[in-house]
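Peer 1: Sharing a structure here in structure tokens format.
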Amino acid sequence: MPTMTAATHSHVMDTYTRLPIALSHGQGCRVWDTTGKSYLDAIGGIAVNTLGHNHPDFVAALREQLGRLVHCSNYYQVPLQEELAQRLATLSGMEQAFFCSTGLEANEAALKLARKYGHDRGIDRPEIVVYEKSFHGRSIATLSATGNPKIQAGFEPLVEGFVRVPPDDIDALRIATAKNPNIVAVLLEPIQGEGGVRPMDDAYLRAVRALCDDQGWLWMVDEIQCGMGRTGKWFAHQWAGVVPDVMTLAKGLGSGVPVGAMVVGKKACGILRPGNHGTTFGGNPLAMRAGVETLRILERDGLLDNVARVGDHLRGGLTAALAEELHSGAVRAIRGRGLLLGIELAYPCGVLWKQCAEQGLLLSVTAETVIRLAPPLVLTCAEADEIVRILVPQVRDFLRASATSAAA
């Protein structure tokens, strides 16, 4: 495997498990490392590189913006904020947007908004419903909302004020919240990305929306990984035909430029007032131009239709190629929507991350047993076929070795 040029002692803090690959440049869905080896990018910066790499129109727009204005503080009006907020409101059927730099910041804003909503209603200790296997970030508040004990371990005491329930079980939600006057909101991911690419049922989303309306709670959706066209609609919850009160976005919104957003509907407008929340870099002109151009190119090039078409093609190819393994149970499921797909295996499969990279395919493994695919939305059917050609033999070899090891 190519190795990156590196000092014997790195001064970069060791907070990530990394492959010995240093990427140099990219074009479309392909990237090259510093030795010249090419890779098909089937993870896209973990659902970030919406338009792929080096998109000519996106690059030209950002270069033009760099020559105009990169940053100004939120002391002043930012016309590009107005343009991006208007576009997001139109696409979502919601009202207003707060801009920040990351998904973590967007979720932090949503949690604060929900608490403020409760206090404005006379609730001194507001509580928010969150979910098992969820992921909302790594700040103290967002990791407390996250449903993964491994991420929380070592950082206790956690922030209080969360009630946790299992996904897709409306009776469990009703029971957990019964006679609790402190509940103010429900926060969920329409597709749990880090939790193993697990879509929630559309009927369940509609039931939660109705319950929130009945109880006067805010319904908040975390679309940081599954939003921005990744499932074939602008936002994943739109498959259920419902509109949330609060939606958080990031990742694909800036196609690689850090942009986060909290979008709110009428019920959540006016809760946060001047001085209640803020950001230094969020909403600066360069980030806003990235968001505006991402949306413009997505719409102009019909990329949502491409996601639906190529996503179906990729899923169909994987399902056909792994039919025997699905029948035997060695592959437990192929799930997800559009170009956010998970392949759950019967064994922990972290080793496939490195083995596939050696074969020229970039992906990730999440929830220990789930191969995650989240390529750029410009993926072609030919590139989807290439993913299948590289990935399937690696999966088969891995499953044979794992079964042999388990039987020994």
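Letters A, B, ... go to the chains of the structure tokens in the order shown; residues in each chain start at 1; ligands are counted from 1 in the same order.
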Sorted by chain and rising residue number, list the residues of stretch 280-348 of chain A at most 9 Å from stretch 226-236 of chain A (counting only C-alpha atoms), each with its closest atom pair and distance in Å to one decimal, as a Markdown table.
Peer 2:
```
| residue | atom | partner | partner_atom | distance |
| --- | --- | --- | --- | --- |
| A:Leu295 | CA | A:Met228 | CA | 8.2 |
| A:Leu298 | CA | A:Gly229 | CA | 8.0 |
| A:Leu303 | CA | A:Gly229 | CA | 7.7 |
| A:Leu304 | CA | A:Gly232 | CA | 4.7 |
| A:Asp305 | CA | A:Gly232 | CA | 6.3 |
| A:Asn306 | CA | A:Gly232 | CA | 7.7 |
| A:Val307 | CA | A:Gly232 | CA | 5.1 |
| A:Ala308 | CA | A:Gly232 | CA | 4.8 |
| A:Arg309 | CA | A:Gly232 | CA | 8.5 |
| A:Gly311 | CA | A:Thr231 | CA | 8.2 |
| A:Gly336 | CA | A:Thr231 | CA | 8.2 |
| A:Arg337 | CA | A:Thr231 | CA | 5.0 |
| A:Gly338 | CA | A:Thr231 | CA | 4.0 |
| A:Leu339 | CA | A:Arg230 | CA | 5.7 |
| A:Leu340 | CA | A:Arg230 | CA | 6.5 |
```
Peer 1: Which residues are near A:Glu105? Cut-off 10 Å, only C-alpha atoms, ignore same chain within fewer than 2 positions. Put them as a list in words.
Peer 2: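 Final neighbour list, sorted by chain and number: Phe99, Cys100, Ser101, Thr102, Gly103, Asn107, Glu108, Ala109, Ala110, Leu111, His136, Gly137, Ser139, Thr142, Thr248, Leu249, Ala250, Val259, Gly260, Ala261, Met262, Gly278, Thr279 and Gly282 of chain A.
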Peer 1: From the DSSP assignment of the backbone, select every residue of stretch 165-328 of chain A that is strand (DSSP E or B), and format the answer as a list of chain:residue names.
Peer 2: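 Output for stretch 165-328 of chain A, strand (DSSP E or B) only: A:Val165, A:Ile183, A:Val184, A:Ala185, A:Val186, A:Leu187, A:Leu188, A:Ile191, A:Gln192, A:Arg198, A:Pro199, A:Leu218, A:Trp219, A:Met220, A:Val221, A:Asp222, A:Val246, A:Met247, A:Thr248, A:Leu249, A:Gly260, A:Ala261, A:Met262, A:Val263, A:Val264.
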Peer 1: Between A:Ala333, A:Pro285, A:Arg315, A:Leu352, which has the minimum distance to A:Cys72 (counting only C-alpha atoms)?
Peer 2: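 Using only C-alpha atoms, A:Cys72 sits closest to A:Pro285.
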Peer 1: From stretch 140-286 of chain A, collect each residue whose DSSP state is helix (DSSP H, G or I) and return the set as a PDB file with N, CA, C and O atoms, in the first residue's frame.
Peer 2:
```pdb
ATOM      1  N   ILE A 140     -20.083  18.091  24.554  1.00  0.00           N
ATOM      2  CA  ILE A 140     -20.653  17.472  25.752  1.00  0.00           C
ATOM      3  C   ILE A 140     -22.175  17.323  25.633  1.00  0.00           C
ATOM      4  O   ILE A 140     -22.738  16.288  25.978  1.00  0.00           O
ATOM      5  N   ALA A 141     -22.844  18.342  25.092  1.00  0.00           N
ATOM      6  CA  ALA A 141     -24.304  18.253  24.976  1.00  0.00           C
ATOM      7  C   ALA A 141     -24.719  17.274  23.888  1.00  0.00           C
ATOM      8  O   ALA A 141     -25.611  16.445  24.103  1.00  0.00           O
ATOM      9  N   THR A 142     -24.064  17.329  22.723  1.00  0.00           N
ATOM     10  CA  THR A 142     -24.508  16.466  21.620  1.00  0.00           C
ATOM     11  C   THR A 142     -24.115  15.008  21.839  1.00  0.00           C
ATOM     12  O   THR A 142     -24.828  14.109  21.403  1.00  0.00           O
ATOM     13  N   LEU A 143     -22.998  14.745  22.513  1.00  0.00           N
ATOM     14  CA  LEU A 143     -22.688  13.345  22.805  1.00  0.00           C
ATOM     15  C   LEU A 143     -23.606  12.804  23.903  1.00  0.00           C
ATOM     16  O   LEU A 143     -23.873  11.603  23.970  1.00  0.00           O
ATOM     17  N   SER A 144     -24.113  13.698  24.749  1.00  0.00           N
ATOM     18  CA  SER A 144     -25.105  13.262  25.742  1.00  0.00           C
ATOM     19  C   SER A 144     -26.411  12.866  25.056  1.00  0.00           C
ATOM     20  O   SER A 144     -27.096  11.939  25.493  1.00  0.00           O
ATOM     21  N   ALA A 145     -26.749  13.548  23.961  1.00  0.00           N
ATOM     22  CA  ALA A 145     -27.949  13.201  23.195  1.00  0.00           C
ATOM     23  C   ALA A 145     -27.735  11.946  22.363  1.00  0.00           C
ATOM     24  O   ALA A 145     -28.687  11.244  22.015  1.00  0.00           O
ATOM     25  N   PRO A 149     -22.998   4.383  23.850  1.00  0.00           N
ATOM     26  CA  PRO A 149     -22.207   4.464  25.090  1.00  0.00           C
ATOM     27  C   PRO A 149     -20.702   4.557  24.847  1.00  0.00           C
ATOM     28  O   PRO A 149     -19.982   5.131  25.662  1.00  0.00           O
ATOM     29  N   LYS A 150     -20.203   3.993  23.730  1.00  0.00           N
ATOM     30  CA  LYS A 150     -18.764   4.053  23.460  1.00  0.00           C
ATOM     31  C   LYS A 150     -18.296   5.496  23.251  1.00  0.00           C
ATOM     32  O   LYS A 150     -17.181   5.855  23.619  1.00  0.00           O
ATOM     33  N   ILE A 151     -19.116   6.291  22.622  1.00  0.00           N
ATOM     34  CA  ILE A 151     -18.763   7.694  22.393  1.00  0.00           C
ATOM     35  C   ILE A 151     -18.839   8.499  23.686  1.00  0.00           C
ATOM     36  O   ILE A 151     -18.076   9.448  23.899  1.00  0.00           O
ATOM     37  N   GLN A 152     -19.722   8.085  24.587  1.00  0.00           N
ATOM     38  CA  GLN A 152     -19.906   8.821  25.840  1.00  0.00           C
ATOM     39  C   GLN A 152     -18.881   8.441  26.904  1.00  0.00           C
ATOM     40  O   GLN A 152     -18.586   9.254  27.793  1.00  0.00           O
ATOM     41  N   ILE A 170     -43.633   3.441  18.285  1.00  0.00           N
ATOM     42  CA  ILE A 170     -44.418   4.573  18.765  1.00  0.00           C
ATOM     43  C   ILE A 170     -44.984   4.303  20.154  1.00  0.00           C
ATOM     44  O   ILE A 170     -45.135   5.233  20.971  1.00  0.00           O
ATOM     45  N   ASP A 171     -45.277   3.033  20.462  1.00  0.00           N
ATOM     46  CA  ASP A 171     -45.773   2.713  21.808  1.00  0.00           C
ATOM     47  C   ASP A 171     -44.689   2.977  22.854  1.00  0.00           C
ATOM     48  O   ASP A 171     -44.980   3.492  23.951  1.00  0.00           O
ATOM     49  N   ALA A 172     -43.437   2.631  22.523  1.00  0.00           N
ATOM     50  CA  ALA A 172     -42.334   2.892  23.463  1.00  0.00           C
ATOM     51  C   ALA A 172     -42.168   4.392  23.702  1.00  0.00           C
ATOM     52  O   ALA A 172     -41.897   4.831  24.829  1.00  0.00           O
ATOM     53  N   LEU A 173     -42.347   5.180  22.652  1.00  0.00           N
ATOM     54  CA  LEU A 173     -42.253   6.638  22.796  1.00  0.00           C
ATOM     55  C   LEU A 173     -43.382   7.162  23.685  1.00  0.00           C
ATOM     56  O   LEU A 173     -43.157   7.998  24.569  1.00  0.00           O
ATOM     57  N   ARG A 174     -44.579   6.637  23.478  1.00  0.00           N
ATOM     58  CA  ARG A 174     -45.716   7.088  24.290  1.00  0.00           C
ATOM     59  C   ARG A 174     -45.507   6.719  25.762  1.00  0.00           C
ATOM     60  O   ARG A 174     -45.765   7.521  26.662  1.00  0.00           O
ATOM     61  N   ILE A 175     -45.037   5.489  25.995  1.00  0.00           N
ATOM     62  CA  ILE A 175     -44.845   5.023  27.376  1.00  0.00           C
ATOM     63  C   ILE A 175     -43.747   5.827  28.071  1.00  0.00           C
ATOM     64  O   ILE A 175     -43.885   6.245  29.233  1.00  0.00           O
ATOM     65  N   ALA A 176     -42.640   6.091  27.340  1.00  0.00           N
ATOM     66  CA  ALA A 176     -41.503   6.792  27.947  1.00  0.00           C
ATOM     67  C   ALA A 176     -41.826   8.235  28.304  1.00  0.00           C
ATOM     68  O   ALA A 176     -41.179   8.821  29.187  1.00  0.00           O
ATOM     69  N   THR A 177     -42.816   8.795  27.624  1.00  0.00           N
ATOM     70  CA  THR A 177     -43.121  10.210  27.840  1.00  0.00           C
ATOM     71  C   THR A 177     -44.422  10.434  28.609  1.00  0.00           C
ATOM     72  O   THR A 177     -44.768  11.577  28.913  1.00  0.00           O
ATOM     73  N   ASP A 202     -41.317   5.317   7.407  1.00  0.00           N
ATOM     74  CA  ASP A 202     -42.072   6.530   7.076  1.00  0.00           C
ATOM     75  C   ASP A 202     -43.325   6.665   7.947  1.00  0.00           C
ATOM     76  O   ASP A 202     -43.686   7.777   8.375  1.00  0.00           O
ATOM     77  N   ALA A 203     -44.005   5.545   8.199  1.00  0.00           N
ATOM     78  CA  ALA A 203     -45.212   5.593   9.035  1.00  0.00           C
ATOM     79  C   ALA A 203     -44.857   6.038  10.453  1.00  0.00           C
ATOM     80  O   ALA A 203     -45.639   6.764  11.102  1.00  0.00           O
ATOM     81  N   TYR A 204     -43.687   5.618  10.924  1.00  0.00           N
ATOM     82  CA  TYR A 204     -43.267   6.036  12.261  1.00  0.00           C
ATOM     83  C   TYR A 204     -43.009   7.547  12.291  1.00  0.00           C
ATOM     84  O   TYR A 204     -43.408   8.231  13.252  1.00  0.00           O
ATOM     85  N   LEU A 205     -42.358   8.076  11.262  1.00  0.00           N
ATOM     86  CA  LEU A 205     -42.105   9.520  11.220  1.00  0.00           C
ATOM     87  C   LEU A 205     -43.428  10.297  11.256  1.00  0.00           C
ATOM     88  O   LEU A 205     -43.543  11.314  11.948  1.00  0.00           O
ATOM     89  N   ARG A 206     -44.409   9.805  10.520  1.00  0.00           N
ATOM     90  CA  ARG A 206     -45.709  10.492  10.533  1.00  0.00           C
ATOM     91  C   ARG A 206     -46.361  10.391  11.917  1.00  0.00           C
ATOM     92  O   ARG A 206     -46.987  11.354  12.393  1.00  0.00           O
ATOM     93  N   ALA A 207     -46.196   9.258  12.571  1.00  0.00           N
ATOM     94  CA  ALA A 207     -46.783   9.086  13.911  1.00  0.00           C
ATOM     95  C   ALA A 207     -46.102  10.019  14.925  1.00  0.00           C
ATOM     96  O   ALA A 207     -46.778  10.590  15.801  1.00  0.00           O
ATOM     97  N   VAL A 208     -44.782  10.191  14.798  1.00  0.00           N
ATOM     98  CA  VAL A 208     -44.074  11.105  15.712  1.00  0.00           C
ATOM     99  C   VAL A 208     -44.513  12.544  15.456  1.00  0.00           C
ATOM    100  O   VAL A 208     -44.731  13.315  16.406  1.00  0.00           O
ATOM    101  N   ARG A 209     -44.657  12.884  14.176  1.00  0.00           N
ATOM    102  CA  ARG A 209     -45.130  14.245  13.846  1.00  0.00           C
ATOM    103  C   ARG A 209     -46.490  14.503  14.507  1.00  0.00           C
ATOM    104  O   ARG A 209     -46.718  15.573  15.107  1.00  0.00           O
ATOM    105  N   ALA A 210     -47.391  13.548  14.383  1.00  0.00           N
ATOM    106  CA  ALA A 210     -48.739  13.707  14.956  1.00  0.00           C
ATOM    107  C   ALA A 210     -48.674  13.794  16.476  1.00  0.00           C
ATOM    108  O   ALA A 210     -49.386  14.612  17.088  1.00  0.00           O
ATOM    109  N   LEU A 211     -47.825  12.971  17.094  1.00  0.00           N
ATOM    110  CA  LEU A 211     -47.726  12.992  18.554  1.00  0.00           C
ATOM    111  C   LEU A 211     -47.169  14.338  19.036  1.00  0.00           C
ATOM    112  O   LEU A 211     -47.651  14.893  20.045  1.00  0.00           O
ATOM    113  N   CYS A 212     -46.177  14.847  18.342  1.00  0.00           N
ATOM    114  CA  CYS A 212     -45.618  16.156  18.712  1.00  0.00           C
ATOM    115  C   CYS A 212     -46.686  17.241  18.595  1.00  0.00           C
ATOM    116  O   CYS A 212     -46.760  18.143  19.456  1.00  0.00           O
ATOM    117  N   ASP A 213     -47.496  17.169  17.557  1.00  0.00           N
ATOM    118  CA  ASP A 213     -48.581  18.152  17.406  1.00  0.00           C
ATOM    119  C   ASP A 213     -49.579  18.033  18.554  1.00  0.00           C
ATOM    120  O   ASP A 213     -50.022  19.044  19.120  1.00  0.00           O
ATOM    121  N   ASP A 214     -49.936  16.803  18.896  1.00  0.00           N
ATOM    122  CA  ASP A 214     -50.908  16.591  19.975  1.00  0.00           C
ATOM    123  C   ASP A 214     -50.395  17.119  21.315  1.00  0.00           C
ATOM    124  O   ASP A 214     -51.158  17.668  22.118  1.00  0.00           O
ATOM    125  N   GLN A 215     -49.083  16.928  21.557  1.00  0.00           N
ATOM    126  CA  GLN A 215     -48.518  17.266  22.863  1.00  0.00           C
ATOM    127  C   GLN A 215     -47.935  18.678  22.921  1.00  0.00           C
ATOM    128  O   GLN A 215     -47.502  19.130  23.997  1.00  0.00           O
ATOM    129  N   ALA A 236     -34.437  13.851   3.751  1.00  0.00           N
ATOM    130  CA  ALA A 236     -34.899  12.465   3.876  1.00  0.00           C
ATOM    131  C   ALA A 236     -36.302  12.360   4.470  1.00  0.00           C
ATOM    132  O   ALA A 236     -37.067  11.455   4.121  1.00  0.00           O
ATOM    133  N   HIS A 237     -36.663  13.287   5.382  1.00  0.00           N
ATOM    134  CA  HIS A 237     -37.997  13.196   5.995  1.00  0.00           C
ATOM    135  C   HIS A 237     -39.104  13.433   4.978  1.00  0.00           C
ATOM    136  O   HIS A 237     -40.263  13.075   5.213  1.00  0.00           O
ATOM    137  N   GLN A 238     -38.771  14.043   3.827  1.00  0.00           N
ATOM    138  CA  GLN A 238     -39.797  14.347   2.840  1.00  0.00           C
ATOM    139  C   GLN A 238     -40.381  13.081   2.207  1.00  0.00           C
ATOM    140  O   GLN A 238     -41.475  13.127   1.643  1.00  0.00           O
ATOM    141  N   TRP A 239     -39.675  11.945   2.315  1.00  0.00           N
ATOM    142  CA  TRP A 239     -40.259  10.685   1.846  1.00  0.00           C
ATOM    143  C   TRP A 239     -41.526  10.354   2.641  1.00  0.00           C
ATOM    144  O   TRP A 239     -42.412   9.664   2.135  1.00  0.00           O
ATOM    145  N   ALA A 240     -41.632  10.814   3.878  1.00  0.00           N
ATOM    146  CA  ALA A 240     -42.790  10.526   4.720  1.00  0.00           C
ATOM    147  C   ALA A 240     -43.903  11.557   4.540  1.00  0.00           C
ATOM    148  O   ALA A 240     -44.976  11.414   5.140  1.00  0.00           O
ATOM    149  N   LYS A 251     -22.584  18.857   6.536  1.00  0.00           N
ATOM    150  CA  LYS A 251     -21.966  17.938   5.573  1.00  0.00           C
ATOM    151  C   LYS A 251     -22.150  18.385   4.121  1.00  0.00           C
ATOM    152  O   LYS A 251     -21.414  19.222   3.634  1.00  0.00           O
ATOM    153  N   GLY A 252     -23.147  17.832   3.414  1.00  0.00           N
ATOM    154  CA  GLY A 252     -23.296  18.080   1.990  1.00  0.00           C
ATOM    155  C   GLY A 252     -23.732  19.482   1.619  1.00  0.00           C
ATOM    156  O   GLY A 252     -23.704  19.848   0.445  1.00  0.00           O
ATOM    157  N   LEU A 253     -24.118  20.282   2.579  1.00  0.00           N
ATOM    158  CA  LEU A 253     -24.634  21.627   2.273  1.00  0.00           C
ATOM    159  C   LEU A 253     -23.594  22.504   1.587  1.00  0.00           C
ATOM    160  O   LEU A 253     -23.928  23.316   0.730  1.00  0.00           O
ATOM    161  N   GLY A 254     -22.329  22.358   1.947  1.00  0.00           N
ATOM    162  CA  GLY A 254     -21.286  23.197   1.343  1.00  0.00           C
ATOM    163  C   GLY A 254     -20.375  22.435   0.408  1.00  0.00           C
ATOM    164  O   GLY A 254     -19.376  22.983  -0.051  1.00  0.00           O
ATOM    165  N   LYS A 266     -42.607  27.633  11.474  1.00  0.00           N
ATOM    166  CA  LYS A 266     -43.303  28.712  12.186  1.00  0.00           C
ATOM    167  C   LYS A 266     -43.330  28.489  13.698  1.00  0.00           C
ATOM    168  O   LYS A 266     -43.183  29.426  14.483  1.00  0.00           O
ATOM    169  N   LYS A 267     -43.522  27.229  14.101  1.00  0.00           N
ATOM    170  CA  LYS A 267     -43.645  26.925  15.524  1.00  0.00           C
ATOM    171  C   LYS A 267     -42.372  27.265  16.302  1.00  0.00           C
ATOM    172  O   LYS A 267     -42.420  27.534  17.510  1.00  0.00           O
ATOM    173  N   ALA A 268     -41.224  27.232  15.596  1.00  0.00           N
ATOM    174  CA  ALA A 268     -39.944  27.473  16.272  1.00  0.00           C
ATOM    175  C   ALA A 268     -39.357  28.840  15.972  1.00  0.00           C
ATOM    176  O   ALA A 268     -38.266  29.159  16.462  1.00  0.00           O
ATOM    177  N   PRO A 285     -19.383  34.930   4.046  1.00  0.00           N
ATOM    178  CA  PRO A 285     -19.692  34.942   2.611  1.00  0.00           C
ATOM    179  C   PRO A 285     -19.146  33.750   1.837  1.00  0.00           C
ATOM    180  O   PRO A 285     -19.821  33.235   0.937  1.00  0.00           O
ATOM    181  N   LEU A 286     -17.945  33.258   2.164  1.00  0.00           N
ATOM    182  CA  LEU A 286     -17.413  32.106   1.424  1.00  0.00           C
ATOM    183  C   LEU A 286     -18.260  30.861   1.673  1.00  0.00           C
ATOM    184  O   LEU A 286     -18.601  30.129   0.731  1.00  0.00           O
TER     185      LEU A 286
END
```
Peer 1: From the set A:Asn49, A:Ser134, A:Thr280, A:Asn54, which residue has the shortest atom-to-atom contact distance to A:Asn74, counting only C-alpha atoms?
Peer 2: A:Thr280
Peer 1: Just checking: using only C-alpha atoms, which residue out of A:Phe398, A:Val257, A:Ala408, A:Glu293 ends up closest to A:Asp57?
Peer 2: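 Closest residue, counting only C-alpha atoms: A:Glu293.
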Peer 1: Considering only C-alpha atoms, return as a PyMOL selection string whatever protein or nucleic-acid residues lie within 9 Å of A:Ala114, sequence-local ones (same chain, fewer than 5 positions apart) excluded.
Peer 2: chain A and resi 109+119+126-128+184-185+217-218+220+268+271
Peer 1: Choose the residue, out of A:Leu19, A:Glu132, A:Pro258, A:Arg300, that has the smallest atom-to-atom separation from A:Asp169; count only C-alpha atoms.
Peer 2: A:Glu132
Peer 1: What separation in Å, quoted to one decimal, exists between atom CA of A:Leu373 and atom CA of A:Gln225?
Peer 2: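 Separating atom CA of A:Leu373 from atom CA of A:Gln225 is a distance of 11.8 Å.
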Peer 1: Which residue out of A:Arg18, A:Gly342, A:Leu272, A:Trp32 has the minimum interatomic distance to A:Arg115 when only C-alpha atoms are used?
Peer 2: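 The shortest atom-to-atom distance to A:Arg115 comes from A:Leu272.
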